[in-house]
Every structure is written in C-alpha cells, then in structure tokens.
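Take a look at the structure set out below.
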Amino acid sequence: MYAFLDVSDNAAFQHAVYAVVLSGNARERAATAAALYRQGQIDTLICTGSNVSADLKIIGRNETEGELSRQVLLQNGVDSARILLQNKGSSTIEEMQLIAGFLEKRPGSLVIITSSAHTRRMWRLRKKMLPRDRDIYCFGVPSERYDAHNWWNSEEGLIAVNTEWQKLLYYYWKY
C-alpha cells in the first residue's frame with residue numbers, strides 16, 4: 001500500500017532553480033529542502049501554507065505553516081534572501097494552483113518537496129495543472145515517525161497511510 005503512494009523522483013533529481021516546500025510537516029520537509037540547498041541542488045525556496053496549527057494557537061502563536069517552514073530553513077543555514085514566503089494554500093489543490101501561477105511568471109526548473117506518501121497525489125495533480133514542458137520533480141521526504149517498510153507497526157504509520165489513501169481517492173473523485 002505504501003509503495004503505491006511513493007512515486008518520488010529523488011534519484012532523478014539533480015538541480016532546480018526553485019523548490020516549493022509544501023505545507024504540513026514543516027520540520028521534515030523544510031529540513032530536507034535546506035539540505036538540498038546546502039548541497040547546491042536548489043537556488044530559491046518557496047514556502048507555502050496559510051494554515052495555523054491548533055497546537056500553536058493554544059500557546060498564543062499564529063505562525064502559518066509557510067512561516068514555520070521558513071524558520072526551519074533559516075535554522076538550517078538557508079540565506080534569507082533565497083526564501084520566498086507565500087502564506088497561501090490551505091490544501092494540496094490550492095498549493096498546486098499557487099505553483100501553477102508562479103510558474104507562469106518565472107522560467108526554470110522546479111522541485112516540489114513533500115512527504116513520500118504524498119507524492120502519488122502530487123504527481124496526479126502535476127499532470128493536470130502544471131506545464132508539461134518544464135522540468136518538474138517531486139522529492140519525497142521519508143517520515144521520521146514511522147518506517148515506510150513496516151508502516152502498519154506504528155499508529156503514526158497507520159494514520160498517515162490510511163489518510164493518504166482516503167485523500168487520494170477523494171482527489172480522484174473531486175479533481
């Protein structure tokens with residue numbers, strides 16, 4: 001079930017002018033993006049996401065997911081001048097619309113950084129919404145909370161994989 005979801009381009013990816021760090025799980029996704037930046041594989045990073053975590057609201061903080069990704073990038077050595085903050089997008093479809101609009105105005109290759117289990121849904125939307133004449137990669141970040149090879153052995157893995165299957169079916173139906 002997990003292997004079907006993960007269609008990452010990690011092995012094929014070498015370099016991109018832009019990287020979009022999708023919202024959700026800012027620590028894992030942005031830390032991976034920062035590592036790719038430090039290795040010279042990414043020139044400019046775009047952080048998306050307008051949602052504010054309910055847990056942050058409890059302690060009186062209102063940082064969006066995009067702002068959290070930006071903080072992680074800065075903490076991991078990314079030059080602030082190389083980060084574009086887009087406090088937009090509260091769902092995958094909205095973030096893909098944002099990416100499509102961004103690509104209309106800017107030439108260059110792009111890598112979308114998301115969770116490994118999220119890559120199949122991303123690729124389906126990419127085919128429908130993004131230009132086919134551009135180099136666009138989907139870099140899947142493995143979860144630190146469960147092992148992809150035995151995801152069913154942890155509650156985090158069960159929730160993540162089952163939720164992604166539900167979202168995949170919903171996106172096939174709706175979009």
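Each chain in the structure tokens gets a letter, A, B and so on, in the order shown; residues start at 1 in every chain, and ligands are counted from 1 in the order they appear.
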
Exercise. Select from range 9-170 of chain A everything DSSP, run on the backbone, classes as helix (DSSP H, G or I), then give the selection as a ChimeraX atom specification.
Key: /A:26-38,54-58,65-75,80-82,92-105,116-129,148-153,155-170

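With only C-alpha atoms as the basis for measurement, A:Cys47 is the residue among A:Leu85, A:Met96, A:Ala54, A:Cys47 that approaches Val21 in chain A most closely.
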
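Across the structure, CA of Thr64 in chain A and CA of Leu98 in chain A are spaced 15.9 Å apart.
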
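Neighbours of range 137-143 of chain A closer than or equal to 8 Å, with only C-alpha atoms counted and sequence neighbours fewer than 6 positions away skipped, come out as Asp6, Val7, Ser8, Asp9, Asn10, Phe13, Glu28, Arg29, Thr32, Leu110, Val111, Ile112, Ile113, Thr114, Ser115, Ser116, Ala117, His118, Thr119, Met122 and Trp123 of chain A.
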
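For the pair CA of Arg38 in chain A and CA of Asn87 in chain A, the interatomic distance is 23.9 Å.
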
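For the pair CA of Ser50 in chain A and CA of Thr92 in chain A, the interatomic distance is 11.5 Å.
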
Quiz prompt | Best match for closeness to Arg120 in chain A among A:Ile99, A:Ile42, A:Leu168, A:Ala160, counting only C-alpha atoms | solution = A:Leu168

Quiz item: Which polymer residues have any atom within 12 Å of an atom of Val52 in chain A, counting only C-alpha atoms, with same-chain residues fewer than 6 positions away left out, as number ranges by chain?
Solution: A: 23-24, 26, 58-68, 87-90

Put those residues in a file: C-alpha atoms, as a PDB file, in the first residue's frame.
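Once written, part.pdb looks like this:
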ATOM      1  CA  SER A  23       2.797  22.926   3.969  1.00  0.00           C
ATOM      2  CA  GLY A  24       2.340  20.249   6.573  1.00  0.00           C
ATOM      3  CA  ALA A  26       7.420  21.785   8.179  1.00  0.00           C
ATOM      4  CA  ILE A  58      -3.149  27.125  22.276  1.00  0.00           C
ATOM      5  CA  ILE A  59       0.097  28.804  23.282  1.00  0.00           C
ATOM      6  CA  GLY A  60      -0.816  32.098  21.644  1.00  0.00           C
ATOM      7  CA  ARG A  61       1.277  31.762  18.494  1.00  0.00           C
ATOM      8  CA  ASN A  62      -0.079  32.346  14.998  1.00  0.00           C
ATOM      9  CA  GLU A  63       2.702  31.317  12.613  1.00  0.00           C
ATOM     10  CA  THR A  64       1.421  29.832   9.382  1.00  0.00           C
ATOM     11  CA  GLU A  65       2.794  26.581   8.027  1.00  0.00           C
ATOM     12  CA  GLY A  66       4.706  28.643   5.468  1.00  0.00           C
ATOM     13  CA  GLU A  67       6.290  30.721   8.236  1.00  0.00           C
ATOM     14  CA  LEU A  68       7.237  27.578  10.153  1.00  0.00           C
ATOM     15  CA  ASN A  87       1.286  32.459   3.178  1.00  0.00           C
ATOM     16  CA  LYS A  88      -1.236  30.913   0.815  1.00  0.00           C
ATOM     17  CA  GLY A  89      -2.697  27.477   0.375  1.00  0.00           C
ATOM     18  CA  SER A  90      -4.717  25.542   2.890  1.00  0.00           C
TER      19      SER A  90
END
